[in-house]
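Undergrad: Before I ask anything, here is the structure I am working with.
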Amino acid sequence: MRLKQVIVSSLLVGTIAISGCGADSVKEEKEIKSTGNVNEVDWADAFDYEELGVEPYTYAPSFDVFELSDVQKDAIVTLYEYSLNWNPSMAENDDWQEYYISNFVRMYRGGDYLKALYDRDGKASKEEAEYMQYSLTGQKISFNLDDGALIDIEDYSGFSPENTIQDYTYEGNSETILVHATIYHEHVSGEVIASDEYKVDVCLKRNPFSCYDGYYIYSIKDVTT
């Protein structure tokens, strides 16, 4: 069974040229058709990180070996379930805010930062949720919540994925990484547990204040043949 795919409007109002995450090489420019305004804000100016209690991510001293963390793998498959071909403009979709809150904040997908909020009082404020969403997508958006609203992290009302990343390769440098990954989707077929495979190219970009282990997901492209 194919995973859920959001149908995007065919009205194209912009084109974003991305350097460093091409389909065949990280040196190739890749064009993504945009369906809305992209709210890219430099990470250094996006939030008051000290006020939010955010510490910068500690990278390995050398980029000789890169490994996707469990937090990053979980984020990739959950974002892939939202759209097989994610691009930055989708953070403007009407259903994106609720999807992020239900499937990331409430489902405990926010790395050590979200775990700290859970240990504090089990709740996330509007700004804390906006920071985590920015950490994932690199797009700064304002949630349609009251300023004093609190999100219950213990309310596991979102979708629990049956998908995992077990193998991948990568190319690039410490600033921009193109990951070629296989997503495995397990399901019951008759009396047998079957597994479908989906091939994806994932573009990660560095943000030392991202709670998703120092990178955000710029784009996902389904390349299954």
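Ordering of the structure tokens sets the chain letters (A, B, ...); residue numbers start at 1 within each chain; ligands are numbered from 1 in the order shown.
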Skip Ile165 of chain A itself and residues of its chain fewer than 5 positions away, then list as a list of chain:residue names all residues within 12 Å of it, counting only C-alpha atoms.
TA: A:Glu67, A:Leu68, A:Ser69, A:Asp70, A:Val71, A:Gln72, A:Lys73, A:Asp74, A:Ala75, A:Ile76, A:Val77, A:Thr78, A:Tyr80, A:Val179, A:His180, A:Ala181, A:Thr182, A:Ile183, A:Tyr184, A:His185, A:Glu186, A:Asp196, A:Glu197, A:Tyr198, A:Lys199, A:Val200, A:Val202
Undergrad: Limited to N, CA and C atoms, could you put the picked residues into a file as a PDB file, in the first residue's frame?
TA:
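Output below, filename result.pdb:
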ATOM      1  N   GLU A  67      26.739   9.841   9.982  1.00  0.00           N
ATOM      2  CA  GLU A  67      25.724   8.848  10.308  1.00  0.00           C
ATOM      3  C   GLU A  67      24.407   9.540  10.618  1.00  0.00           C
ATOM      4  N   LEU A  68      23.328   9.049  10.009  1.00  0.00           N
ATOM      5  CA  LEU A  68      22.003   9.531  10.376  1.00  0.00           C
ATOM      6  C   LEU A  68      21.681   9.061  11.786  1.00  0.00           C
ATOM      7  N   SER A  69      21.262   9.977  12.641  1.00  0.00           N
ATOM      8  CA  SER A  69      20.853   9.591  13.990  1.00  0.00           C
ATOM      9  C   SER A  69      19.444   9.006  13.942  1.00  0.00           C
ATOM     10  N   ASP A  70      19.045   8.331  15.014  1.00  0.00           N
ATOM     11  CA  ASP A  70      17.683   7.800  15.090  1.00  0.00           C
ATOM     12  C   ASP A  70      16.659   8.929  15.018  1.00  0.00           C
ATOM     13  N   VAL A  71      16.987  10.078  15.614  1.00  0.00           N
ATOM     14  CA  VAL A  71      16.094  11.241  15.567  1.00  0.00           C
ATOM     15  C   VAL A  71      15.895  11.691  14.126  1.00  0.00           C
ATOM     16  N   GLN A  72      16.972  11.742  13.347  1.00  0.00           N
ATOM     17  CA  GLN A  72      16.883  12.172  11.950  1.00  0.00           C
ATOM     18  C   GLN A  72      16.145  11.147  11.094  1.00  0.00           C
ATOM     19  N   LYS A  73      16.400   9.862  11.313  1.00  0.00           N
ATOM     20  CA  LYS A  73      15.694   8.821  10.555  1.00  0.00           C
ATOM     21  C   LYS A  73      14.194   8.901  10.803  1.00  0.00           C
ATOM     22  N   ASP A  74      13.819   9.040  12.071  1.00  0.00           N
ATOM     23  CA  ASP A  74      12.404   9.116  12.428  1.00  0.00           C
ATOM     24  C   ASP A  74      11.758  10.354  11.810  1.00  0.00           C
ATOM     25  N   ALA A  75      12.490  11.473  11.810  1.00  0.00           N
ATOM     26  CA  ALA A  75      11.963  12.707  11.224  1.00  0.00           C
ATOM     27  C   ALA A  75      11.768  12.559   9.721  1.00  0.00           C
ATOM     28  N   ILE A  76      12.712  11.913   9.040  1.00  0.00           N
ATOM     29  CA  ILE A  76      12.618  11.743   7.589  1.00  0.00           C
ATOM     30  C   ILE A  76      11.396  10.907   7.217  1.00  0.00           C
ATOM     31  N   VAL A  77      11.204   9.756   7.877  1.00  0.00           N
ATOM     32  CA  VAL A  77      10.081   8.891   7.494  1.00  0.00           C
ATOM     33  C   VAL A  77       8.743   9.542   7.844  1.00  0.00           C
ATOM     34  N   THR A  78       8.690  10.305   8.938  1.00  0.00           N
ATOM     35  CA  THR A  78       7.438  10.966   9.316  1.00  0.00           C
ATOM     36  C   THR A  78       7.113  12.095   8.347  1.00  0.00           C
ATOM     37  N   TYR A  80       8.143  12.088   5.208  1.00  0.00           N
ATOM     38  CA  TYR A  80       7.832  11.378   3.962  1.00  0.00           C
ATOM     39  C   TYR A  80       6.384  10.906   3.951  1.00  0.00           C
ATOM     40  N   VAL A 179      21.414  12.532   1.083  1.00  0.00           N
ATOM     41  CA  VAL A 179      21.304  11.159   1.570  1.00  0.00           C
ATOM     42  C   VAL A 179      20.453  10.355   0.595  1.00  0.00           C
ATOM     43  N   HIS A 180      20.974   9.215   0.143  1.00  0.00           N
ATOM     44  CA  HIS A 180      20.220   8.273  -0.685  1.00  0.00           C
ATOM     45  C   HIS A 180      19.795   7.130   0.236  1.00  0.00           C
ATOM     46  N   ALA A 181      18.513   7.073   0.571  1.00  0.00           N
ATOM     47  CA  ALA A 181      18.053   6.132   1.598  1.00  0.00           C
ATOM     48  C   ALA A 181      16.965   5.210   1.065  1.00  0.00           C
ATOM     49  N   THR A 182      16.818   4.071   1.739  1.00  0.00           N
ATOM     50  CA  THR A 182      15.725   3.143   1.472  1.00  0.00           C
ATOM     51  C   THR A 182      14.803   3.131   2.679  1.00  0.00           C
ATOM     52  N   ILE A 183      13.523   3.429   2.442  1.00  0.00           N
ATOM     53  CA  ILE A 183      12.515   3.374   3.497  1.00  0.00           C
ATOM     54  C   ILE A 183      11.764   2.054   3.367  1.00  0.00           C
ATOM     55  N   TYR A 184      11.724   1.300   4.451  1.00  0.00           N
ATOM     56  CA  TYR A 184      11.034   0.013   4.475  1.00  0.00           C
ATOM     57  C   TYR A 184       9.686   0.186   5.166  1.00  0.00           C
ATOM     58  N   HIS A 185       8.630  -0.269   4.488  1.00  0.00           N
ATOM     59  CA  HIS A 185       7.275  -0.176   5.025  1.00  0.00           C
ATOM     60  C   HIS A 185       6.752  -1.586   5.259  1.00  0.00           C
ATOM     61  N   GLU A 186       6.630  -1.966   6.528  1.00  0.00           N
ATOM     62  CA  GLU A 186       6.144  -3.303   6.866  1.00  0.00           C
ATOM     63  C   GLU A 186       4.623  -3.300   6.981  1.00  0.00           C
ATOM     64  N   ASP A 196       7.569  -3.393   1.855  1.00  0.00           N
ATOM     65  CA  ASP A 196       7.774  -2.653   0.616  1.00  0.00           C
ATOM     66  C   ASP A 196       8.964  -1.725   0.793  1.00  0.00           C
ATOM     67  N   GLU A 197       9.632  -1.417  -0.309  1.00  0.00           N
ATOM     68  CA  GLU A 197      10.795  -0.544  -0.258  1.00  0.00           C
ATOM     69  C   GLU A 197      10.555   0.695  -1.108  1.00  0.00           C
ATOM     70  N   TYR A 198      10.953   1.853  -0.571  1.00  0.00           N
ATOM     71  CA  TYR A 198      10.846   3.119  -1.282  1.00  0.00           C
ATOM     72  C   TYR A 198      12.202   3.809  -1.245  1.00  0.00           C
ATOM     73  N   LYS A 199      12.654   4.269  -2.396  1.00  0.00           N
ATOM     74  CA  LYS A 199      13.939   4.953  -2.504  1.00  0.00           C
ATOM     75  C   LYS A 199      13.712   6.460  -2.450  1.00  0.00           C
ATOM     76  N   VAL A 200      14.504   7.143  -1.635  1.00  0.00           N
ATOM     77  CA  VAL A 200      14.358   8.590  -1.505  1.00  0.00           C
ATOM     78  C   VAL A 200      15.721   9.269  -1.506  1.00  0.00           C
ATOM     79  N   VAL A 202      17.284  12.657   0.122  1.00  0.00           N
ATOM     80  CA  VAL A 202      16.967  13.617   1.179  1.00  0.00           C
ATOM     81  C   VAL A 202      18.084  14.647   1.268  1.00  0.00           C
TER      82      VAL A 202
END
Undergrad: Given only C-alpha atoms as the basis, pick out the residue of A:Asn87, A:Ser142, A:Gln97, A:Ser219 nearest to Ala46 of chain A.
TA: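 Looking at the shortest contact to Ala46 of chain A, the residue is A:Ser142.
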Undergrad: Just the residues within 12 Å of Asp119 of chain A, please, counting only C-alpha atoms, with nothing from its chain fewer than 5 positions along; format it as a PyMOL selection string.
TA: chain A and resi 108+112-114+124+153-154
Undergrad: Of the residues A:Leu178, A:Leu145, A:Met132, A:Leu52, which is the one nearest to Phe66 of chain A, using only C-alpha atoms?
TA: A:Leu178
Undergrad: Which polymer residues have any atom within 10 Å of an atom of Asp152 of chain A, counting only C-alpha atoms, with same-chain residues fewer than 4 positions away left out, as a ChimeraX atom specification?
TA: /A:101-102,105-107,118,121-125,156
Undergrad: Keeping only N, CA, C and O atoms, write those residues as a PDB file, in the first residue's frame.
TA:
ATOM      1  N   ILE A 101       2.230  19.312  14.781  1.00  0.00           N
ATOM      2  CA  ILE A 101       1.903  19.208  16.207  1.00  0.00           C
ATOM      3  C   ILE A 101       1.502  17.778  16.571  1.00  0.00           C
ATOM      4  O   ILE A 101       1.963  17.223  17.575  1.00  0.00           O
ATOM      5  N   SER A 102       0.657  17.151  15.742  1.00  0.00           N
ATOM      6  CA  SER A 102       0.142  15.818  16.057  1.00  0.00           C
ATOM      7  C   SER A 102       1.187  14.724  15.897  1.00  0.00           C
ATOM      8  O   SER A 102       1.217  13.768  16.679  1.00  0.00           O
ATOM      9  N   VAL A 105       5.354  16.922  17.755  1.00  0.00           N
ATOM     10  CA  VAL A 105       5.360  17.393  19.145  1.00  0.00           C
ATOM     11  C   VAL A 105       4.668  16.388  20.060  1.00  0.00           C
ATOM     12  O   VAL A 105       5.247  15.923  21.048  1.00  0.00           O
ATOM     13  N   ARG A 106       3.435  16.019  19.739  1.00  0.00           N
ATOM     14  CA  ARG A 106       2.692  15.106  20.609  1.00  0.00           C
ATOM     15  C   ARG A 106       3.223  13.681  20.555  1.00  0.00           C
ATOM     16  O   ARG A 106       2.988  12.898  21.481  1.00  0.00           O
ATOM     17  N   MET A 107       3.920  13.352  19.486  1.00  0.00           N
ATOM     18  CA  MET A 107       4.438  11.991  19.336  1.00  0.00           C
ATOM     19  C   MET A 107       5.901  11.877  19.752  1.00  0.00           C
ATOM     20  O   MET A 107       6.574  10.911  19.429  1.00  0.00           O
ATOM     21  N   TYR A 118       9.323  17.491  27.953  1.00  0.00           N
ATOM     22  CA  TYR A 118       8.498  16.427  28.535  1.00  0.00           C
ATOM     23  C   TYR A 118       8.855  16.226  30.006  1.00  0.00           C
ATOM     24  O   TYR A 118       7.978  16.102  30.866  1.00  0.00           O
ATOM     25  N   ASP A 121       7.482  19.598  32.262  1.00  0.00           N
ATOM     26  CA  ASP A 121       6.074  19.605  32.668  1.00  0.00           C
ATOM     27  C   ASP A 121       5.167  18.900  31.670  1.00  0.00           C
ATOM     28  O   ASP A 121       3.948  18.946  31.796  1.00  0.00           O
ATOM     29  N   GLY A 122       5.775  18.246  30.643  1.00  0.00           N
ATOM     30  CA  GLY A 122       4.976  17.517  29.669  1.00  0.00           C
ATOM     31  C   GLY A 122       4.243  18.392  28.684  1.00  0.00           C
ATOM     32  O   GLY A 122       3.314  17.931  28.013  1.00  0.00           O
ATOM     33  N   LYS A 123       4.669  19.665  28.545  1.00  0.00           N
ATOM     34  CA  LYS A 123       3.973  20.582  27.656  1.00  0.00           C
ATOM     35  C   LYS A 123       4.974  21.427  26.870  1.00  0.00           C
ATOM     36  O   LYS A 123       6.094  21.659  27.321  1.00  0.00           O
ATOM     37  N   ALA A 124       4.540  21.878  25.682  1.00  0.00           N
ATOM     38  CA  ALA A 124       5.351  22.773  24.851  1.00  0.00           C
ATOM     39  C   ALA A 124       4.559  24.043  24.589  1.00  0.00           C
ATOM     40  O   ALA A 124       3.359  23.994  24.300  1.00  0.00           O
ATOM     41  N   SER A 125       5.226  25.193  24.695  1.00  0.00           N
ATOM     42  CA  SER A 125       4.571  26.466  24.404  1.00  0.00           C
ATOM     43  C   SER A 125       4.500  26.684  22.896  1.00  0.00           C
ATOM     44  O   SER A 125       5.120  25.955  22.110  1.00  0.00           O
ATOM     45  N   TYR A 156      -0.589  11.342  22.675  1.00  0.00           N
ATOM     46  CA  TYR A 156      -0.072  10.666  21.489  1.00  0.00           C
ATOM     47  C   TYR A 156      -1.190  10.414  20.486  1.00  0.00           C
ATOM     48  O   TYR A 156      -1.571   9.283  20.211  1.00  0.00           O
TER      49      TYR A 156
END
Undergrad: What's the 8 Å shell around Tyr57 of chain A, counting only C-alpha atoms, without same-chain residues fewer than 5 positions away, as JSON, numbers by chain?
TA: {"A": [208, 209, 210, 211, 213, 214]}
Undergrad: Keeping only N, CA, C and O atoms, write those residues as a PDB file, in the first residue's frame.
TA:
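After the write, selection_31.pdb holds the following:
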ATOM      1  N   PRO A 208      23.242  24.652  13.389  1.00  0.00           N
ATOM      2  CA  PRO A 208      23.779  24.216  14.682  1.00  0.00           C
ATOM      3  C   PRO A 208      22.789  24.331  15.836  1.00  0.00           C
ATOM      4  O   PRO A 208      23.027  23.760  16.902  1.00  0.00           O
ATOM      5  N   PHE A 209      21.667  25.043  15.627  1.00  0.00           N
ATOM      6  CA  PHE A 209      20.660  25.153  16.681  1.00  0.00           C
ATOM      7  C   PHE A 209      19.423  24.301  16.396  1.00  0.00           C
ATOM      8  O   PHE A 209      18.397  24.456  17.056  1.00  0.00           O
ATOM      9  N   SER A 210      19.519  23.391  15.434  1.00  0.00           N
ATOM     10  CA  SER A 210      18.399  22.489  15.158  1.00  0.00           C
ATOM     11  C   SER A 210      18.353  21.383  16.197  1.00  0.00           C
ATOM     12  O   SER A 210      19.364  20.733  16.480  1.00  0.00           O
ATOM     13  N   CYS A 211      17.161  21.144  16.749  1.00  0.00           N
ATOM     14  CA  CYS A 211      17.015  20.066  17.731  1.00  0.00           C
ATOM     15  C   CYS A 211      16.988  18.698  17.057  1.00  0.00           C
ATOM     16  O   CYS A 211      16.940  17.677  17.747  1.00  0.00           O
ATOM     17  N   ASP A 213      19.384  17.166  15.708  1.00  0.00           N
ATOM     18  CA  ASP A 213      20.808  16.812  15.655  1.00  0.00           C
ATOM     19  C   ASP A 213      21.593  17.607  14.620  1.00  0.00           C
ATOM     20  O   ASP A 213      22.395  17.064  13.856  1.00  0.00           O
ATOM     21  N   GLY A 214      21.365  18.929  14.617  1.00  0.00           N
ATOM     22  CA  GLY A 214      22.233  19.838  13.884  1.00  0.00           C
ATOM     23  C   GLY A 214      21.954  20.013  12.409  1.00  0.00           C
ATOM     24  O   GLY A 214      22.716  20.692  11.717  1.00  0.00           O
TER      25      GLY A 214
END
Undergrad: When DSSP works through the backbone of this structure, what residues of segment 123-213 of chain A end up as helix (DSSP H, G or I), shown as a PDB file with C-alpha atoms, in the first residue's frame?
TA:
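New file selection.pdb:
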ATOM      1  CA  LYS A 126       3.642  28.058  21.078  1.00  0.00           C
ATOM      2  CA  GLU A 127       7.157  29.476  20.610  1.00  0.00           C
ATOM      3  CA  GLU A 128       8.820  26.201  21.601  1.00  0.00           C
ATOM      4  CA  ALA A 129       6.714  24.352  19.010  1.00  0.00           C
ATOM      5  CA  GLU A 130       7.521  26.991  16.370  1.00  0.00           C
ATOM      6  CA  TYR A 131      11.225  26.606  17.145  1.00  0.00           C
ATOM      7  CA  MET A 132      11.069  22.816  16.744  1.00  0.00           C
ATOM      8  CA  GLN A 133       9.163  23.137  13.459  1.00  0.00           C
ATOM      9  CA  TYR A 134      11.823  25.561  12.214  1.00  0.00           C
ATOM     10  CA  SER A 135      14.485  23.075  13.336  1.00  0.00           C
ATOM     11  CA  LEU A 136      12.893  20.445  11.091  1.00  0.00           C
ATOM     12  CA  THR A 137      12.117  22.465   7.945  1.00  0.00           C
TER      13      THR A 137
END
Undergrad: Can you pull out the residues contacting Ile177 of chain A? Cut-off 7 Å, using only C-alpha atoms, and skip same-chain residues under 6 positions away; I want them as a ChimeraX atom specification.
TA: /A:170-171,203-205
